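Asks: Mind having a look at this structure? Questions to follow.
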Amino acid sequence: MNKLVSIIMPCFNAQRWLQEAIDSCLTQTYPHIEIVVVDDGSTDDSLEIIKNYGDKITWKSLPENCGGSHARNQAIALSKGEYIQFLDADDFIFPEKIARQVSYLEETGADIVYGDWQHKFHLPDAMSYFGEVRVPGKQTDILESLLANWWSAIASLLYRRSIVEKSDSWDEGLIAAQDRDYFINAVINGAKVVYQPGCYSVYRSYGNVTVSTLSKPNWVKSHCYILKKAEQKLISCHIISKKYKQALALCYFQMARESLLFDYYQYRNLLKEVLIQFPEFKMNSKSVIYNFMQTYLGFYQTELIASSIILLNRFFSGYLRLLRDYCSSINHAFITFTKKNISAMI
């Protein structure tokens, strides 16, 4: 098998991880690989690291930072492979990854394959460790799962070039969840997707910082934009259905809950969007009380009551924590004062 695989790698200020990412591509057991790196206006030493690889990689340097999606689109235009692997410059893949997935796509005739993956966590004290292997598993309806906010790490996928060319380019206006949007678009455009068990890709995480925690409002905004975009695409392709509307509603509910703690007005609007998408929506809660109330009051009223309880609980938890800290400081001051006076008496 001699079909070329293009590994697309956007890079922005990734000097700490870039060499490991590129080396993980160069050590693939599959021999027919081109590595296309687009430096997205890095201000660290990333470009120098890229240049040191000489003709082992194809690269392009952009004069200013335009975002990962723009860099990927640039790299796709430079690439020639019949298969495309997207890999961020701070992630890496294991040696057998490409060989296994190319073989599986050839065997199944599918357009996209995804596999298992795992986090590598990096802590502030420079310690790191691998998390448990994430097993996304075979999805009964991949589009329904994606619409409902199912996800698999970008490095775990391999695309056939024909579906990449058939689909829209990476959305350069998105701040977060660009890979989910791209995956959804490919599936709506007819991609056959298969799951192949086995963990051969690593997604780095730094402490407790993720795209969602770094800016929760932007994260929610991006996902809501993706949902609207997907709905419009489903309608234009005449494949909108009850189960897809229900999946959209479920994701809007998840986004509503994410909004609750920073924008109550947006939370209420997203709850309304849930019912616009799927008027008979019911939340399958672990709480027996929630489910009982939902039966008699309906989803919307039950959720408003639940949100009030969540907010009150958070308020009192915060208040009690402040009170505990205050009492602790008073106690510490009293002990210090007592010790000083006893010492003076002695």
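Ordering of the structure tokens sets the chain letters (A, B, ...); residue numbers start at 1 within each chain; ligands are numbered from 1 in the order shown.
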Can you pull out the residues contacting Ser103 in chain A? Cut-off 12 Å, using only C-alpha atoms, and skip same-chain residues under 4 positions away; I want them as a list in words.
Replies: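 Near Ser103 in chain A, the qualifying residues are Met1, Asn2, Lys3, Val5, Tyr30, Tyr83, Glu96, Lys97, Ile98, Ala99, Glu107, Thr108, Gly109, Ala110, Ile112, Val113, Leu158, Arg160 and Gln196 of chain A.
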Asks: Write out as an mmCIF file with N, CA, C and O atoms, in the first residue's frame which residues come within 9 Å of Asp39 in chain A when counting only C-alpha atoms, dropping same-chain ones fewer than 4 positions away.
Replies:
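Saved the output as part_30.cif:
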```
data_model
loop_
_atom_site.group_PDB
_atom_site.id
_atom_site.type_symbol
_atom_site.label_atom_id
_atom_site.label_comp_id
_atom_site.auth_asym_id
_atom_site.auth_seq_id
_atom_site.Cartn_x
_atom_site.Cartn_y
_atom_site.Cartn_z
ATOM 1 N N MET A 9 -0.406 20.019 10.405
ATOM 2 C CA MET A 9 -0.058 20.476 11.739
ATOM 3 C C MET A 9 0.003 22.010 11.812
ATOM 4 O O MET A 9 0.948 22.627 11.317
ATOM 5 N N PRO A 10 -0.984 22.651 12.434
ATOM 6 C CA PRO A 10 -0.886 24.095 12.684
ATOM 7 C C PRO A 10 -0.012 24.317 13.916
ATOM 8 O O PRO A 10 -0.023 23.514 14.849
ATOM 9 N N CYS A 11 0.727 25.402 13.928
ATOM 10 C CA CYS A 11 1.629 25.649 15.050
ATOM 11 C C CYS A 11 1.607 27.122 15.451
ATOM 12 O O CYS A 11 1.805 28.000 14.611
ATOM 13 N N PHE A 12 1.377 27.353 16.729
ATOM 14 C CA PHE A 12 1.499 28.716 17.256
ATOM 15 C C PHE A 12 2.142 28.656 18.641
ATOM 16 O O PHE A 12 1.560 28.116 19.574
ATOM 17 N N ASN A 13 3.354 29.174 18.741
ATOM 18 C CA ASN A 13 4.099 29.219 20.012
ATOM 19 C C ASN A 13 4.086 27.871 20.734
ATOM 20 O O ASN A 13 3.749 27.771 21.912
ATOM 21 N N SER A 46 9.473 28.415 17.613
ATOM 22 C CA SER A 46 8.829 27.355 16.839
ATOM 23 C C SER A 46 9.331 27.300 15.399
ATOM 24 O O SER A 46 9.613 26.217 14.861
ATOM 25 N N LEU A 47 9.446 28.453 14.754
ATOM 26 C CA LEU A 47 9.857 28.482 13.350
ATOM 27 C C LEU A 47 11.269 27.937 13.176
ATOM 28 O O LEU A 47 11.561 27.228 12.199
ATOM 29 N N ILE A 50 11.111 24.215 13.252
ATOM 30 C CA ILE A 50 10.571 23.726 11.977
ATOM 31 C C ILE A 50 11.654 23.712 10.902
ATOM 32 O O ILE A 50 11.833 22.723 10.173
ATOM 33 N N TRP A 59 6.739 23.075 4.933
ATOM 34 C CA TRP A 59 6.269 24.077 5.890
ATOM 35 C C TRP A 59 6.016 25.429 5.233
ATOM 36 O O TRP A 59 6.498 25.718 4.145
ATOM 37 N N LYS A 60 5.235 26.213 5.955
ATOM 38 C CA LYS A 60 4.933 27.574 5.528
ATOM 39 C C LYS A 60 4.836 28.441 6.777
ATOM 40 O O LYS A 60 4.323 28.004 7.810
ATOM 41 N N SER A 61 5.324 29.661 6.680
ATOM 42 C CA SER A 61 5.272 30.589 7.804
ATOM 43 C C SER A 61 4.332 31.746 7.467
ATOM 44 O O SER A 61 4.483 32.403 6.432
ATOM 45 N N LEU A 62 3.362 31.974 8.354
ATOM 46 C CA LEU A 62 2.438 33.090 8.176
ATOM 47 C C LEU A 62 2.944 34.303 8.958
ATOM 48 O O LEU A 62 3.494 34.152 10.059
ATOM 49 N N PRO A 63 2.792 35.503 8.416
ATOM 50 C CA PRO A 63 3.351 36.697 9.059
ATOM 51 C C PRO A 63 2.698 37.069 10.386
ATOM 52 O O PRO A 63 3.287 37.733 11.217
ATOM 53 N N ASN A 65 -0.561 35.855 13.482
ATOM 54 C CA ASN A 65 -1.432 34.818 14.002
ATOM 55 C C ASN A 65 -2.862 34.999 13.498
ATOM 56 O O ASN A 65 -3.491 36.016 13.760
ATOM 57 N N ALA A 71 -4.662 28.171 9.654
ATOM 58 C CA ALA A 71 -3.416 27.436 9.404
ATOM 59 C C ALA A 71 -3.719 26.058 8.804
ATOM 60 O O ALA A 71 -3.014 25.599 7.887
#
```
Asks: Which polymer residues have any atom within 8 Å of an atom of Pro217 in chain A, counting only C-alpha atoms, with same-chain residues fewer than 3 positions away left out, as a compact mmCIF listing (two decimals) with N, CA, C and O atoms, in the first residue's frame?
Replies:
```txt
# COMPACT_ATOMS: atom_id res chain seq x y z
N VAL A 220 -19.30 28.46 25.17
CA VAL A 220 -20.73 28.26 24.97
C VAL A 220 -21.19 28.91 23.67
O VAL A 220 -21.96 28.33 22.89
N LYS A 221 -20.72 30.12 23.43
CA LYS A 221 -21.09 30.85 22.21
C LYS A 221 -20.70 30.05 20.97
O LYS A 221 -21.47 29.95 20.00
N SER A 259 -24.24 27.87 31.04
CA SER A 259 -24.43 29.32 31.13
C SER A 259 -24.97 29.78 32.48
O SER A 259 -24.85 30.95 32.84
N PHE A 262 -22.93 32.03 34.90
CA PHE A 262 -22.34 33.31 34.50
C PHE A 262 -23.30 34.22 33.73
O PHE A 262 -23.04 35.41 33.58
```
Asks: From the list A:Glu132, A:Asp263, A:Glu48, A:Glu34, which residue is nearest Gln15 in chain A when using only C-alpha atoms?
Replies: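 Closest candidate: A:Glu48.
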Asks: Report as number ranges by chain all protein, DNA and RNA residues lying within 12 Å of Tyr53 in chain A, evaluated on only C-alpha atoms, omitting residues in the same chain fewer than 2 positions from it.
Replies: A: 18-19, 22-23, 26, 35-37, 46-51, 55-59
Asks: May I have the residues from that selection written out with N, CA, C and O atoms, as a PDB file, in the first residue's frame?
Replies:
```
ATOM      1  N   LEU A  18       6.649  20.973  20.042  1.00  0.00           N
ATOM      2  CA  LEU A  18       6.650  20.815  18.591  1.00  0.00           C
ATOM      3  C   LEU A  18       7.544  19.669  18.116  1.00  0.00           C
ATOM      4  O   LEU A  18       7.146  18.875  17.252  1.00  0.00           O
ATOM      5  N   GLN A  19       8.737  19.559  18.667  1.00  0.00           N
ATOM      6  CA  GLN A  19       9.652  18.510  18.218  1.00  0.00           C
ATOM      7  C   GLN A  19       9.076  17.124  18.479  1.00  0.00           C
ATOM      8  O   GLN A  19       9.157  16.235  17.628  1.00  0.00           O
ATOM      9  N   ILE A  22       6.353  16.448  15.804  1.00  0.00           N
ATOM     10  CA  ILE A  22       6.906  16.131  14.486  1.00  0.00           C
ATOM     11  C   ILE A  22       7.599  14.772  14.495  1.00  0.00           C
ATOM     12  O   ILE A  22       7.423  13.953  13.585  1.00  0.00           O
ATOM     13  N   ASP A  23       8.375  14.505  15.544  1.00  0.00           N
ATOM     14  CA  ASP A  23       9.081  13.219  15.633  1.00  0.00           C
ATOM     15  C   ASP A  23       8.110  12.049  15.681  1.00  0.00           C
ATOM     16  O   ASP A  23       8.393  10.966  15.154  1.00  0.00           O
ATOM     17  N   LEU A  26       7.393  11.334  12.131  1.00  0.00           N
ATOM     18  CA  LEU A  26       8.531  10.771  11.400  1.00  0.00           C
ATOM     19  C   LEU A  26       8.803   9.320  11.771  1.00  0.00           C
ATOM     20  O   LEU A  26       9.430   8.585  10.993  1.00  0.00           O
ATOM     21  N   ILE A  35       4.618  15.539   6.007  1.00  0.00           N
ATOM     22  CA  ILE A  35       4.248  16.346   7.171  1.00  0.00           C
ATOM     23  C   ILE A  35       4.197  17.797   6.722  1.00  0.00           C
ATOM     24  O   ILE A  35       5.196  18.342   6.235  1.00  0.00           O
ATOM     25  N   VAL A  36       3.031  18.409   6.863  1.00  0.00           N
ATOM     26  CA  VAL A  36       2.838  19.790   6.432  1.00  0.00           C
ATOM     27  C   VAL A  36       2.575  20.645   7.672  1.00  0.00           C
ATOM     28  O   VAL A  36       1.530  20.523   8.305  1.00  0.00           O
ATOM     29  N   VAL A  37       3.542  21.504   7.995  1.00  0.00           N
ATOM     30  CA  VAL A  37       3.440  22.357   9.176  1.00  0.00           C
ATOM     31  C   VAL A  37       3.261  23.803   8.741  1.00  0.00           C
ATOM     32  O   VAL A  37       4.035  24.301   7.917  1.00  0.00           O
ATOM     33  N   SER A  46       9.473  28.415  17.613  1.00  0.00           N
ATOM     34  CA  SER A  46       8.829  27.355  16.839  1.00  0.00           C
ATOM     35  C   SER A  46       9.331  27.300  15.399  1.00  0.00           C
ATOM     36  O   SER A  46       9.613  26.217  14.861  1.00  0.00           O
ATOM     37  N   LEU A  47       9.446  28.453  14.754  1.00  0.00           N
ATOM     38  CA  LEU A  47       9.857  28.482  13.350  1.00  0.00           C
ATOM     39  C   LEU A  47      11.269  27.937  13.176  1.00  0.00           C
ATOM     40  O   LEU A  47      11.561  27.228  12.199  1.00  0.00           O
ATOM     41  N   GLU A  48      12.155  28.224  14.109  1.00  0.00           N
ATOM     42  CA  GLU A  48      13.528  27.701  14.033  1.00  0.00           C
ATOM     43  C   GLU A  48      13.531  26.180  14.155  1.00  0.00           C
ATOM     44  O   GLU A  48      14.300  25.490  13.475  1.00  0.00           O
ATOM     45  N   ILE A  49      12.692  25.654  15.027  1.00  0.00           N
ATOM     46  CA  ILE A  49      12.593  24.197  15.170  1.00  0.00           C
ATOM     47  C   ILE A  49      12.102  23.582  13.870  1.00  0.00           C
ATOM     48  O   ILE A  49      12.627  22.561  13.405  1.00  0.00           O
ATOM     49  N   ILE A  50      11.111  24.215  13.252  1.00  0.00           N
ATOM     50  CA  ILE A  50      10.571  23.726  11.977  1.00  0.00           C
ATOM     51  C   ILE A  50      11.654  23.712  10.902  1.00  0.00           C
ATOM     52  O   ILE A  50      11.833  22.723  10.173  1.00  0.00           O
ATOM     53  N   LYS A  51      12.415  24.787  10.802  1.00  0.00           N
ATOM     54  CA  LYS A  51      13.457  24.900   9.778  1.00  0.00           C
ATOM     55  C   LYS A  51      14.543  23.843   9.947  1.00  0.00           C
ATOM     56  O   LYS A  51      15.145  23.381   8.968  1.00  0.00           O
ATOM     57  N   ASP A  55      14.297  19.196   4.576  1.00  0.00           N
ATOM     58  CA  ASP A  55      13.331  18.674   3.614  1.00  0.00           C
ATOM     59  C   ASP A  55      12.530  17.477   4.142  1.00  0.00           C
ATOM     60  O   ASP A  55      11.795  16.833   3.390  1.00  0.00           O
ATOM     61  N   LYS A  56      12.651  17.183   5.440  1.00  0.00           N
ATOM     62  CA  LYS A  56      11.847  16.105   6.025  1.00  0.00           C
ATOM     63  C   LYS A  56      10.381  16.512   6.161  1.00  0.00           C
ATOM     64  O   LYS A  56       9.500  15.658   6.277  1.00  0.00           O
ATOM     65  N   ILE A  57      10.150  17.820   6.148  1.00  0.00           N
ATOM     66  CA  ILE A  57       8.768  18.312   6.259  1.00  0.00           C
ATOM     67  C   ILE A  57       8.538  19.421   5.237  1.00  0.00           C
ATOM     68  O   ILE A  57       9.484  20.046   4.743  1.00  0.00           O
ATOM     69  N   THR A  58       7.284  19.652   4.944  1.00  0.00           N
ATOM     70  CA  THR A  58       6.875  20.805   4.135  1.00  0.00           C
ATOM     71  C   THR A  58       6.322  21.849   5.090  1.00  0.00           C
ATOM     72  O   THR A  58       5.553  21.515   5.993  1.00  0.00           O
ATOM     73  N   TRP A  59       6.739  23.075   4.933  1.00  0.00           N
ATOM     74  CA  TRP A  59       6.269  24.077   5.890  1.00  0.00           C
ATOM     75  C   TRP A  59       6.016  25.429   5.233  1.00  0.00           C
ATOM     76  O   TRP A  59       6.498  25.718   4.145  1.00  0.00           O
TER      77      TRP A  59
END
```
Asks: Can you pull out every residue within 8 Å of Tyr200 in chain A, counting only C-alpha atoms, but drop anything in the same chain fewer than 5 positions away, and send it as a list of chain:residue names?
Replies: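 The neighbour list is A:Ile93, A:Phe94, A:Pro95, A:Glu96, A:Lys97, A:Gly115, A:Asp116, A:Trp117, A:Ser156.
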Asks: Could you find all residues in range 20-156 of chain A that DSSP calls alpha helix (DSSP H) from the backbone, and write them as a ChimeraX atom specification?
Replies: /A:20-26,46-51,68-78,97-108,142-147
Asks: To one decimal in Å, tell me the separation between CA of Ser152 in chain A and CA of Tyr114 in chain A.
Replies: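 Atom-to-atom, CA of Ser152 in chain A to CA of Tyr114 in chain A, that is 7.5 Å.
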Asks: Determine, counting only C-alpha atoms, which protein, DNA and RNA residues have an atom within 9 Å of an atom of Asn291 in chain A; residues of the same chain fewer than 6 positions away are not included. Present the result as a VMD selection string.
Replies: chain A and resid 282 to 285 299 302
Asks: Save the residues we just selected, all heavy atoms, as a compact mmCIF listing (two decimals), in the first residue's frame?
Replies:
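And here is the file that came out, part-v3.txt:
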```txt
# COMPACT_ATOMS: atom_id res chain seq x y z
N LYS A 282 -37.69 16.09 27.39
CA LYS A 282 -37.66 15.74 28.80
C LYS A 282 -36.23 15.42 29.19
O LYS A 282 -35.53 14.70 28.48
CB LYS A 282 -38.55 14.51 29.08
CG LYS A 282 -40.04 14.70 28.78
CD LYS A 282 -40.68 15.64 29.78
CE LYS A 282 -42.19 15.73 29.52
NZ LYS A 282 -42.84 16.70 30.44
N MET A 283 -35.82 15.96 30.32
CA MET A 283 -34.48 15.68 30.82
C MET A 283 -34.50 14.37 31.58
O MET A 283 -35.29 14.19 32.51
CB MET A 283 -34.02 16.82 31.73
CG MET A 283 -32.66 16.58 32.36
SD MET A 283 -31.38 16.31 31.13
CE MET A 283 -30.05 15.75 32.18
N ASN A 284 -33.66 13.43 31.17
CA ASN A 284 -33.56 12.14 31.86
C ASN A 284 -32.60 12.29 33.03
O ASN A 284 -31.42 12.01 32.94
CB ASN A 284 -33.09 11.05 30.91
CG ASN A 284 -33.11 9.68 31.54
OD1 ASN A 284 -33.80 9.46 32.55
ND2 ASN A 284 -32.37 8.75 30.99
N SER A 285 -33.10 12.77 34.16
CA SER A 285 -32.27 13.10 35.31
C SER A 285 -32.06 11.88 36.22
O SER A 285 -32.89 10.98 36.27
CB SER A 285 -32.93 14.23 36.11
OG SER A 285 -32.20 14.50 37.28
N PHE A 299 -40.95 20.28 31.59
CA PHE A 299 -39.50 20.47 31.63
C PHE A 299 -39.11 21.89 32.04
O PHE A 299 -38.28 22.09 32.93
CB PHE A 299 -38.90 20.14 30.26
CG PHE A 299 -37.54 20.73 30.04
CD1 PHE A 299 -36.42 20.23 30.71
CD2 PHE A 299 -37.36 21.82 29.19
CE1 PHE A 299 -35.16 20.79 30.51
CE2 PHE A 299 -36.12 22.38 28.99
CZ PHE A 299 -35.02 21.87 29.66
N THR A 302 -39.80 22.90 35.76
CA THR A 302 -38.97 22.07 36.62
C THR A 302 -37.51 22.53 36.59
O THR A 302 -36.85 22.63 37.63
CB THR A 302 -39.05 20.59 36.20
OG1 THR A 302 -40.40 20.16 36.28
CG2 THR A 302 -38.19 19.71 37.09
```
Asks: Can you list, as a PyMOL selection string, every protein, DNA or RNA residue that comes within 12 Å of Gly68 in chain A when you count only C-alpha atoms, leaving out same-chain residues fewer than 2 positions away?
Replies: chain A and resi 8-13+37-42+62+64-66+70-75+86-89+170-179
Asks: Out of range 86-117 of chain A, which residues get strand (DSSP E or B) from DSSP, as an mmCIF file with all heavy atoms, in the first residue's frame?
Replies:
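New file states.cif:
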```
data_model
loop_
_atom_site.group_PDB
_atom_site.id
_atom_site.type_symbol
_atom_site.label_atom_id
_atom_site.label_comp_id
_atom_site.auth_asym_id
_atom_site.auth_seq_id
_atom_site.Cartn_x
_atom_site.Cartn_y
_atom_site.Cartn_z
ATOM 1 N N PHE A 86 -5.099 15.192 10.946
ATOM 2 C CA PHE A 86 -4.942 16.475 11.617
ATOM 3 C C PHE A 86 -4.286 16.242 12.972
ATOM 4 O O PHE A 86 -4.711 15.379 13.746
ATOM 5 C CB PHE A 86 -6.292 17.169 11.797
ATOM 6 C CG PHE A 86 -6.942 17.558 10.497
ATOM 7 C CD1 PHE A 86 -8.020 16.832 9.993
ATOM 8 C CD2 PHE A 86 -6.475 18.643 9.766
ATOM 9 C CE1 PHE A 86 -8.629 17.187 8.797
ATOM 10 C CE2 PHE A 86 -7.071 19.005 8.560
ATOM 11 C CZ PHE A 86 -8.146 18.271 8.073
ATOM 12 N N PHE A 92 0.573 14.314 20.118
ATOM 13 C CA PHE A 92 1.423 13.388 19.368
ATOM 14 C C PHE A 92 0.701 12.060 19.169
ATOM 15 O O PHE A 92 -0.330 11.788 19.802
ATOM 16 C CB PHE A 92 2.784 13.185 20.041
ATOM 17 C CG PHE A 92 2.739 12.590 21.429
ATOM 18 C CD1 PHE A 92 2.871 11.218 21.626
ATOM 19 C CD2 PHE A 92 2.608 13.395 22.548
ATOM 20 C CE1 PHE A 92 2.847 10.664 22.892
ATOM 21 C CE2 PHE A 92 2.596 12.857 23.826
ATOM 22 C CZ PHE A 92 2.710 11.487 24.001
ATOM 23 N N ILE A 93 1.234 11.255 18.251
ATOM 24 C CA ILE A 93 0.642 9.963 17.924
ATOM 25 C C ILE A 93 1.687 8.866 18.067
ATOM 26 O O ILE A 93 2.890 9.117 17.941
ATOM 27 C CB ILE A 93 0.033 9.955 16.506
ATOM 28 C CG1 ILE A 93 1.048 10.456 15.473
ATOM 29 C CG2 ILE A 93 -1.232 10.795 16.465
ATOM 30 C CD1 ILE A 93 0.533 10.463 14.041
ATOM 31 N N ILE A 112 -13.916 8.200 7.088
ATOM 32 C CA ILE A 112 -13.281 8.669 8.318
ATOM 33 C C ILE A 112 -13.227 7.511 9.304
ATOM 34 O O ILE A 112 -14.199 6.762 9.443
ATOM 35 C CB ILE A 112 -14.072 9.833 8.964
ATOM 36 C CG1 ILE A 112 -14.251 10.989 7.984
ATOM 37 C CG2 ILE A 112 -13.369 10.323 10.231
ATOM 38 C CD1 ILE A 112 -15.216 12.079 8.487
ATOM 39 N N VAL A 113 -12.103 7.386 9.983
ATOM 40 C CA VAL A 113 -11.982 6.412 11.059
ATOM 41 C C VAL A 113 -11.540 7.154 12.313
ATOM 42 O O VAL A 113 -10.748 8.091 12.246
ATOM 43 C CB VAL A 113 -10.987 5.280 10.711
ATOM 44 C CG1 VAL A 113 -9.602 5.825 10.402
ATOM 45 C CG2 VAL A 113 -10.904 4.255 11.843
ATOM 46 N N TYR A 114 -12.071 6.740 13.456
ATOM 47 C CA TYR A 114 -11.616 7.302 14.724
ATOM 48 C C TYR A 114 -11.313 6.155 15.685
ATOM 49 O O TYR A 114 -11.840 5.041 15.549
ATOM 50 C CB TYR A 114 -12.656 8.248 15.332
ATOM 51 C CG TYR A 114 -13.956 7.592 15.757
ATOM 52 C CD1 TYR A 114 -14.152 7.156 17.060
ATOM 53 C CD2 TYR A 114 -15.003 7.425 14.840
ATOM 54 C CE1 TYR A 114 -15.346 6.553 17.442
ATOM 55 C CE2 TYR A 114 -16.191 6.834 15.221
ATOM 56 C CZ TYR A 114 -16.365 6.395 16.519
ATOM 57 O OH TYR A 114 -17.534 5.791 16.898
ATOM 58 N N GLY A 115 -10.427 6.432 16.631
ATOM 59 C CA GLY A 115 -10.034 5.410 17.590
ATOM 60 C C GLY A 115 -10.034 5.951 19.007
ATOM 61 O O GLY A 115 -10.500 7.060 19.271
ATOM 62 N N ASP A 116 -9.492 5.177 19.916
ATOM 63 C CA ASP A 116 -9.385 5.592 21.303
ATOM 64 C C ASP A 116 -8.240 6.588 21.452
ATOM 65 O O ASP A 116 -7.375 6.705 20.574
ATOM 66 C CB ASP A 116 -9.141 4.374 22.195
ATOM 67 C CG ASP A 116 -10.183 3.283 21.979
ATOM 68 O OD1 ASP A 116 -11.331 3.626 21.640
ATOM 69 O OD2 ASP A 116 -9.839 2.090 22.132
ATOM 70 N N TRP A 117 -8.215 7.288 22.571
ATOM 71 C CA TRP A 117 -7.175 8.284 22.816
ATOM 72 C C TRP A 117 -7.026 8.498 24.311
ATOM 73 O O TRP A 117 -7.818 7.997 25.096
ATOM 74 C CB TRP A 117 -7.522 9.614 22.127
ATOM 75 C CG TRP A 117 -8.849 10.173 22.537
ATOM 76 C CD1 TRP A 117 -10.074 9.806 22.056
ATOM 77 C CD2 TRP A 117 -9.095 11.179 23.521
ATOM 78 N NE1 TRP A 117 -11.076 10.520 22.674
ATOM 79 C CE2 TRP A 117 -10.512 11.374 23.584
ATOM 80 C CE3 TRP A 117 -8.283 11.939 24.349
ATOM 81 C CZ2 TRP A 117 -11.101 12.298 24.430
ATOM 82 C CZ3 TRP A 117 -8.871 12.865 25.194
ATOM 83 C CH2 TRP A 117 -10.259 13.039 25.235
#
```
Asks: Give me the range 142-229 of chain A side of the contact with range 120-128 of chain A, cut-off 8 Å, one line per residue showing its nearest atom pair and distance in Å at one decimal, counting only C-alpha atoms, sorted by chain and residue number, as a Markdown table.
Replies:
```
| residue | atom | partner | partner_atom | distance |
| --- | --- | --- | --- | --- |
| A:Val202 | CA | A:Lys120 | CA | 6.5 |
| A:Tyr203 | CA | A:Lys120 | CA | 6.1 |
| A:Arg204 | CA | A:Lys120 | CA | 4.7 |
| A:Ser205 | CA | A:Phe121 | CA | 4.9 |
| A:Tyr206 | CA | A:His122 | CA | 4.8 |
| A:Gly207 | CA | A:Leu123 | CA | 4.9 |
```
Asks: To one decimal place in Å, what is the distance between CA of Lys233 in chain A and CA of Asn189 in chain A?
Replies: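 Taking CA of Lys233 in chain A as the start and CA of Asn189 in chain A as the end point, the length is 9.1 Å.
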Asks: Rank nothing, just name the residue among A:Tyr129, A:Ser201, A:Lys192, A:Ile276 nearest to Ala21 in chain A, using only C-alpha atoms.
Replies: A:Ser201
Asks: From the options A:Arg16, A:Lys80, A:Lys286, A:His32, which residue's atoms come nearest to Glu165 in chain A, counting only C-alpha atoms?
Replies: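 Closest residue, counting only C-alpha atoms: A:Lys80.
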Asks: Of the candidates A:Leu297, A:Ile188, A:Leu260, A:Ala153, which one gets nearest to Gln232 in chain A if we count only C-alpha atoms?
Replies: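 The closest residue to Gln232 in chain A is A:Ile188.
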